[in-house]
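Colleague: Just upload-v8.cif, nothing more (mmCIF, N, CA and C atoms):
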```cif
data_entry
loop_
_atom_site.label_atom_id
_atom_site.label_comp_id
_atom_site.auth_asym_id
_atom_site.auth_seq_id
_atom_site.Cartn_x
_atom_site.Cartn_y
_atom_site.Cartn_z
N MET A 424 84.07 98.11 87.43
CA MET A 424 82.67 98.20 87.10
C MET A 424 81.91 97.21 87.98
N LYS A 425 80.90 97.70 88.65
CA LYS A 425 80.08 96.86 89.52
C LYS A 425 78.99 96.21 88.68
N VAL A 426 78.82 94.94 88.89
CA VAL A 426 77.78 94.19 88.18
C VAL A 426 76.73 93.77 89.20
N ARG A 427 75.50 94.05 88.89
CA ARG A 427 74.41 93.64 89.78
C ARG A 427 73.92 92.27 89.33
N PRO A 428 74.11 91.27 90.18
CA PRO A 428 73.68 89.92 89.80
C PRO A 428 72.16 89.82 89.76
N PRO A 429 71.63 88.97 88.90
CA PRO A 429 70.17 88.79 88.86
C PRO A 429 69.69 88.14 90.16
N LYS A 430 68.40 88.30 90.45
CA LYS A 430 67.84 87.74 91.68
C LYS A 430 68.02 86.24 91.75
N SER A 431 68.02 85.57 90.61
CA SER A 431 68.19 84.12 90.61
C SER A 431 69.57 83.71 91.15
N TYR A 432 70.54 84.60 91.02
CA TYR A 432 71.89 84.32 91.53
C TYR A 432 71.87 84.11 93.04
N THR A 433 71.06 84.88 93.72
CA THR A 433 71.01 84.78 95.18
C THR A 433 70.48 83.43 95.64
N ARG A 434 69.75 82.75 94.78
CA ARG A 434 69.18 81.44 95.13
C ARG A 434 70.14 80.28 94.85
N LEU A 435 71.24 80.55 94.20
CA LEU A 435 72.19 79.49 93.88
C LEU A 435 72.91 78.99 95.14
N PRO A 436 73.30 77.73 95.13
CA PRO A 436 74.07 77.23 96.27
C PRO A 436 75.46 77.88 96.30
N PRO A 437 76.06 77.97 97.48
CA PRO A 437 77.37 78.63 97.61
C PRO A 437 78.45 78.05 96.70
N SER A 438 78.42 76.76 96.44
CA SER A 438 79.44 76.15 95.58
C SER A 438 79.34 76.69 94.15
N GLU A 439 78.11 76.87 93.65
CA GLU A 439 77.93 77.40 92.30
C GLU A 439 78.30 78.88 92.25
N LYS A 440 77.98 79.63 93.31
CA LYS A 440 78.38 81.04 93.38
C LYS A 440 79.90 81.16 93.33
N LYS A 441 80.58 80.29 94.06
CA LYS A 441 82.05 80.31 94.09
C LYS A 441 82.60 80.00 92.71
N LEU A 442 81.98 79.04 92.02
CA LEU A 442 82.41 78.68 90.68
C LEU A 442 82.26 79.87 89.73
N ILE A 443 81.13 80.56 89.81
CA ILE A 443 80.90 81.74 88.98
C ILE A 443 81.92 82.83 89.29
N GLU A 444 82.19 83.06 90.57
CA GLU A 444 83.17 84.08 90.96
C GLU A 444 84.55 83.73 90.41
N ASN A 445 84.92 82.46 90.48
CA ASN A 445 86.22 82.04 89.94
C ASN A 445 86.30 82.23 88.43
N MET A 446 85.19 81.93 87.74
CA MET A 446 85.16 82.13 86.29
C MET A 446 85.33 83.60 85.95
N LEU A 447 84.67 84.47 86.72
CA LEU A 447 84.78 85.91 86.48
C LEU A 447 86.20 86.40 86.75
N LYS A 448 86.82 85.89 87.81
CA LYS A 448 88.21 86.28 88.11
C LYS A 448 89.15 85.82 87.01
N ASP A 449 88.94 84.60 86.51
CA ASP A 449 89.78 84.10 85.42
C ASP A 449 89.64 84.96 84.18
N GLN A 450 88.40 85.34 83.86
CA GLN A 450 88.17 86.18 82.68
C GLN A 450 88.80 87.55 82.87
N GLU A 451 88.71 88.09 84.07
CA GLU A 451 89.32 89.38 84.36
C GLU A 451 90.84 89.31 84.20
N ALA A 452 91.45 88.23 84.65
CA ALA A 452 92.90 88.04 84.51
C ALA A 452 93.29 87.93 83.03
N LYS A 453 92.49 87.21 82.25
CA LYS A 453 92.76 87.09 80.81
C LYS A 453 92.65 88.45 80.12
N ASP A 454 91.64 89.23 80.49
CA ASP A 454 91.46 90.56 79.91
C ASP A 454 92.64 91.46 80.25
N ALA A 455 93.08 91.42 81.51
CA ALA A 455 94.21 92.25 81.94
C ALA A 455 95.48 91.84 81.19
N LYS A 456 95.68 90.54 80.99
CA LYS A 456 96.85 90.07 80.26
C LYS A 456 96.80 90.53 78.81
N ALA A 457 95.63 90.49 78.20
CA ALA A 457 95.50 90.94 76.81
C ALA A 457 95.81 92.43 76.69
N ILE A 458 95.33 93.22 77.64
CA ILE A 458 95.60 94.66 77.61
C ILE A 458 97.09 94.92 77.78
N LEU A 459 97.73 94.22 78.71
CA LEU A 459 99.16 94.38 78.92
C LEU A 459 99.94 93.97 77.68
N ASP A 460 99.51 92.90 77.04
CA ASP A 460 100.17 92.43 75.82
C ASP A 460 100.11 93.50 74.74
N ILE A 461 98.94 94.08 74.55
CA ILE A 461 98.78 95.16 73.56
C ILE A 461 99.67 96.35 73.92
N TYR A 462 99.65 96.73 75.19
CA TYR A 462 100.44 97.86 75.65
C TYR A 462 101.93 97.64 75.40
N MET A 463 102.45 96.47 75.75
CA MET A 463 103.88 96.22 75.57
C MET A 463 104.26 96.19 74.09
N LYS A 464 103.40 95.66 73.24
CA LYS A 464 103.68 95.67 71.81
C LYS A 464 103.69 97.09 71.27
N MET A 465 102.78 97.93 71.77
CA MET A 465 102.76 99.34 71.35
C MET A 465 104.04 100.05 71.80
N VAL A 466 104.48 99.79 73.02
CA VAL A 466 105.71 100.39 73.53
C VAL A 466 106.89 99.97 72.67
N CYS A 467 106.97 98.69 72.34
CA CYS A 467 108.06 98.21 71.48
C CYS A 467 108.02 98.89 70.11
N LEU A 468 106.84 99.03 69.55
CA LEU A 468 106.70 99.68 68.25
C LEU A 468 107.12 101.14 68.31
N ILE A 469 106.72 101.84 69.36
CA ILE A 469 107.09 103.25 69.52
C ILE A 469 108.60 103.39 69.67
N LEU A 470 109.20 102.57 70.50
CA LEU A 470 110.65 102.64 70.69
C LEU A 470 111.41 102.30 69.41
N HIS A 471 110.89 101.35 68.66
CA HIS A 471 111.53 100.98 67.39
C HIS A 471 111.41 102.13 66.38
N ASN A 472 110.20 102.64 66.21
CA ASN A 472 109.99 103.69 65.21
C ASN A 472 110.62 105.02 65.59
N SER A 473 110.56 105.38 66.88
CA SER A 473 111.06 106.70 67.29
C SER A 473 112.55 106.73 67.59
N PHE A 474 113.08 105.64 68.10
CA PHE A 474 114.47 105.66 68.57
C PHE A 474 115.34 104.56 67.97
N GLY A 475 114.79 103.80 67.04
CA GLY A 475 115.57 102.79 66.37
C GLY A 475 115.92 101.57 67.21
N PHE A 476 115.15 101.31 68.25
CA PHE A 476 115.42 100.14 69.08
C PHE A 476 115.27 98.89 68.22
N GLY A 477 116.24 98.01 68.31
CA GLY A 477 116.19 96.75 67.59
C GLY A 477 115.83 95.61 68.54
N GLU A 478 116.02 94.41 68.04
CA GLU A 478 115.63 93.23 68.80
C GLU A 478 116.33 93.15 70.15
N TYR A 479 117.65 93.44 70.18
CA TYR A 479 118.40 93.32 71.42
C TYR A 479 117.88 94.27 72.50
N ARG A 480 117.72 95.55 72.17
CA ARG A 480 117.27 96.52 73.17
C ARG A 480 115.80 96.29 73.55
N LEU A 481 114.98 95.84 72.62
CA LEU A 481 113.59 95.54 72.96
C LEU A 481 113.51 94.31 73.87
N ASN A 482 114.39 93.33 73.65
CA ASN A 482 114.43 92.19 74.57
C ASN A 482 114.86 92.63 75.96
N LEU A 483 115.80 93.57 76.04
CA LEU A 483 116.20 94.11 77.34
C LEU A 483 115.02 94.80 78.02
N LEU A 484 114.26 95.57 77.25
CA LEU A 484 113.07 96.24 77.79
C LEU A 484 112.10 95.22 78.36
N LEU A 485 111.80 94.20 77.58
CA LEU A 485 110.83 93.19 78.02
C LEU A 485 111.33 92.42 79.24
N ALA A 486 112.61 92.06 79.25
CA ALA A 486 113.17 91.34 80.39
C ALA A 486 113.09 92.19 81.65
N ASN A 487 113.45 93.47 81.53
CA ASN A 487 113.38 94.36 82.68
C ASN A 487 111.95 94.61 83.12
N HIS A 488 111.04 94.67 82.17
CA HIS A 488 109.63 94.85 82.50
C HIS A 488 109.14 93.68 83.35
N PHE A 489 109.43 92.46 82.90
CA PHE A 489 108.95 91.30 83.64
C PHE A 489 109.64 91.16 84.99
N ARG A 490 110.91 91.57 85.07
CA ARG A 490 111.61 91.57 86.35
C ARG A 490 110.94 92.54 87.32
N LEU A 491 110.60 93.72 86.82
CA LEU A 491 109.94 94.72 87.65
C LEU A 491 108.55 94.26 88.08
N VAL A 492 107.82 93.63 87.19
CA VAL A 492 106.49 93.10 87.53
C VAL A 492 106.62 92.07 88.64
N LYS A 493 107.64 91.21 88.52
CA LYS A 493 107.86 90.19 89.55
C LYS A 493 108.16 90.84 90.90
N GLU A 494 108.99 91.90 90.90
CA GLU A 494 109.28 92.63 92.13
C GLU A 494 108.02 93.28 92.69
N GLN A 495 107.21 93.85 91.80
CA GLN A 495 106.01 94.54 92.23
C GLN A 495 104.98 93.58 92.82
N ASN A 496 104.98 92.35 92.36
CA ASN A 496 104.03 91.37 92.89
C ASN A 496 104.29 91.08 94.36
N ILE A 497 105.51 91.33 94.81
CA ILE A 497 105.84 91.16 96.23
C ILE A 497 105.12 92.22 97.05
N LEU A 498 105.01 93.43 96.47
CA LEU A 498 104.32 94.53 97.15
C LEU A 498 102.83 94.35 96.95
N VAL A 499 102.16 93.85 97.94
CA VAL A 499 100.74 93.53 97.81
C VAL A 499 99.89 94.80 97.82
N ASP A 500 100.27 95.75 98.65
CA ASP A 500 99.50 96.97 98.81
C ASP A 500 99.69 97.89 97.61
N LYS A 501 98.60 98.33 97.01
CA LYS A 501 98.67 99.20 95.85
C LYS A 501 99.36 100.52 96.19
N GLY A 502 99.16 101.02 97.40
CA GLY A 502 99.82 102.25 97.83
C GLY A 502 101.33 102.10 97.82
N GLU A 503 101.83 100.92 98.25
CA GLU A 503 103.28 100.65 98.23
C GLU A 503 103.79 100.64 96.80
N GLN A 504 103.03 100.04 95.90
CA GLN A 504 103.43 99.99 94.49
C GLN A 504 103.53 101.39 93.91
N ILE A 505 102.52 102.21 94.18
CA ILE A 505 102.50 103.57 93.64
C ILE A 505 103.68 104.37 94.19
N LYS A 506 103.95 104.25 95.48
CA LYS A 506 105.07 104.97 96.09
C LYS A 506 106.39 104.51 95.47
N PHE A 507 106.57 103.20 95.31
CA PHE A 507 107.78 102.66 94.71
C PHE A 507 107.98 103.24 93.31
N LEU A 508 106.93 103.20 92.49
CA LEU A 508 107.03 103.70 91.12
C LEU A 508 107.22 105.21 91.08
N ASP A 509 106.54 105.93 91.96
CA ASP A 509 106.72 107.39 92.02
C ASP A 509 108.15 107.76 92.37
N ASP A 510 108.75 107.02 93.30
CA ASP A 510 110.15 107.27 93.66
C ASP A 510 111.07 107.05 92.46
N LYS A 511 110.82 105.99 91.71
CA LYS A 511 111.63 105.71 90.51
C LYS A 511 111.43 106.80 89.46
N MET A 512 110.18 107.25 89.27
CA MET A 512 109.91 108.29 88.28
C MET A 512 110.55 109.62 88.68
N ALA A 513 110.61 109.92 89.97
CA ALA A 513 111.23 111.14 90.45
C ALA A 513 112.72 111.16 90.10
N LYS A 514 113.36 110.01 90.16
CA LYS A 514 114.78 109.93 89.79
C LYS A 514 114.98 110.12 88.29
N ILE A 515 114.03 109.63 87.51
CA ILE A 515 114.16 109.71 86.05
C ILE A 515 113.79 111.11 85.55
N PHE A 516 112.65 111.62 85.97
CA PHE A 516 112.15 112.89 85.45
C PHE A 516 112.64 114.10 86.25
N ARG A 517 113.33 113.87 87.33
CA ARG A 517 113.95 114.88 88.18
C ARG A 517 112.94 115.94 88.62
N LYS A 518 113.29 117.21 88.45
CA LYS A 518 112.48 118.29 89.03
C LYS A 518 111.11 118.46 88.37
N ASN A 519 110.98 118.08 87.12
CA ASN A 519 109.70 118.26 86.43
C ASN A 519 108.68 117.20 86.80
N GLY A 520 109.15 116.08 87.30
CA GLY A 520 108.24 115.02 87.70
C GLY A 520 107.64 114.29 86.51
N PHE A 521 106.94 113.23 86.82
CA PHE A 521 106.31 112.41 85.79
C PHE A 521 105.23 113.23 85.09
N PRO A 522 105.16 113.19 83.76
CA PRO A 522 104.20 114.03 83.02
C PRO A 522 102.77 113.50 83.06
N GLN A 523 102.21 113.41 84.27
CA GLN A 523 100.87 112.85 84.46
C GLN A 523 99.80 113.67 83.73
N ALA A 524 99.89 115.00 83.84
CA ALA A 524 98.87 115.86 83.20
C ALA A 524 98.88 115.67 81.69
N MET A 525 100.08 115.57 81.11
CA MET A 525 100.18 115.37 79.67
C MET A 525 99.56 114.03 79.28
N MET A 526 99.82 113.00 80.08
CA MET A 526 99.26 111.68 79.78
C MET A 526 97.73 111.70 79.86
N GLU A 527 97.20 112.32 80.92
CA GLU A 527 95.75 112.37 81.08
C GLU A 527 95.10 113.14 79.94
N LYS A 528 95.76 114.22 79.51
CA LYS A 528 95.23 115.01 78.39
C LYS A 528 95.24 114.17 77.11
N ALA A 529 96.33 113.45 76.88
CA ALA A 529 96.43 112.61 75.68
C ALA A 529 95.44 111.46 75.73
N ILE A 530 95.28 110.84 76.88
CA ILE A 530 94.34 109.73 77.02
C ILE A 530 92.92 110.21 76.79
N GLY A 531 92.61 111.43 77.22
CA GLY A 531 91.28 111.99 77.01
C GLY A 531 90.95 112.17 75.55
N ARG A 532 91.98 112.29 74.70
CA ARG A 532 91.76 112.48 73.27
C ARG A 532 91.69 111.17 72.50
N VAL A 533 92.04 110.08 73.14
CA VAL A 533 92.06 108.79 72.47
C VAL A 533 90.66 108.20 72.45
N GLU A 534 90.23 107.79 71.26
CA GLU A 534 88.94 107.14 71.14
C GLU A 534 89.18 105.66 70.89
N LEU A 535 88.48 104.85 71.65
CA LEU A 535 88.60 103.41 71.45
C LEU A 535 87.61 103.00 70.38
N VAL A 536 88.11 102.36 69.35
CA VAL A 536 87.24 101.91 68.27
C VAL A 536 87.46 100.42 68.06
N GLU A 537 86.40 99.76 67.67
CA GLU A 537 86.52 98.33 67.39
C GLU A 537 87.21 98.16 66.04
N PRO A 538 88.04 97.13 65.92
CA PRO A 538 88.68 96.90 64.64
C PRO A 538 87.64 96.57 63.59
N SER A 539 87.92 96.98 62.36
CA SER A 539 86.97 96.71 61.29
C SER A 539 86.95 95.21 61.00
N LYS A 540 85.88 94.78 60.39
CA LYS A 540 85.73 93.37 60.08
C LYS A 540 86.84 92.91 59.15
N LYS A 541 87.22 93.77 58.18
CA LYS A 541 88.29 93.41 57.25
C LYS A 541 89.59 93.20 58.01
N HIS A 542 89.86 94.09 58.97
CA HIS A 542 91.12 94.00 59.71
C HIS A 542 91.17 92.73 60.55
N THR A 543 90.06 92.39 61.20
CA THR A 543 90.06 91.20 62.04
C THR A 543 90.12 89.91 61.24
N GLU A 544 89.66 89.97 59.99
CA GLU A 544 89.70 88.78 59.13
C GLU A 544 91.03 88.65 58.42
N GLY A 545 91.90 89.64 58.57
CA GLY A 545 93.21 89.59 57.95
C GLY A 545 93.22 90.06 56.51
N GLU A 546 92.14 90.70 56.07
CA GLU A 546 92.09 91.18 54.68
C GLU A 546 92.72 92.55 54.54
N GLY A 547 92.77 93.33 55.64
CA GLY A 547 93.21 94.71 55.51
C GLY A 547 94.52 94.93 55.99
#
```
Re-express the file's structure as structure tokens.
Modeller:
Amino acid sequence: MKVRPPKSYTRLPPSEKKLIENMLKDQEAKDAKAILDIYMKMVCLILHNSFGFGEYRLNLLLANHFRLVKEQNILVDKGEQIKFLDDKMAKIFRKNGFPQAMMEKAIGRVELVEPSKKHTEGEG
């Protein structure tokens, strides 16, 4: 999402602009980490409920996930990352390929809702 800075921003000294940019990058990193945290917890819950994964197998999943993330961080180019992951998915899903269309269809049906006040306060 592109943000248009106010006109007063253009009058700030470069050091203050750099500070603001760093703060925004930090916040973006925190947001990305929170989303990943939610995603991994959901994956663990799905694997537990659907396939009976227990603590041992979920720890294996998490360890392998972080190992893969560490490997992916070496690949700076996003195109390289996508190719690497596509190659891995081709081996797993074989001739049918990764179910991208199914995922996009499912994601299109998901509505993001804010948690209720009761839920966030721990009452619900």
Colleague: By how many Å are atom CA of Lys511 of chain A and atom CA of His488 of chain A apart?
Modeller: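 Rounded to one decimal, the two atoms are 13.6 Å apart.
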Colleague: Among chain A, which ones does DSSP place in alpha helix (DSSP H), written as a ChimeraX atom specification?
Modeller: /A:430-433,437-474,478-497,501-516,523-532,540-544
Colleague: Hey, can you check how far atom N of Ile461 of chain A sits from atom C of Met526 of chain A?
Modeller: 18.4 Å
Colleague: How many Å lie between atom CA of Lys528 of chain A and atom CA of Lys464 of chain A, rounded to one decimal?
Modeller: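 Separation between atom CA of Lys528 of chain A and atom CA of Lys464 of chain A: 22.1 Å.
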Colleague: Could you pull the residues within 12 Å of Leu508 of chain A, counting only C-alpha atoms, minus those fewer than 6 positions along the same chain, as a list in words?
Modeller: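 Counting only the stated atoms, we get Leu491, Val492, Glu494, Gln495, Leu498, Lys501, Gly502, Lys514, Ile515, Phe516, Gly520 and Phe521 of chain A.
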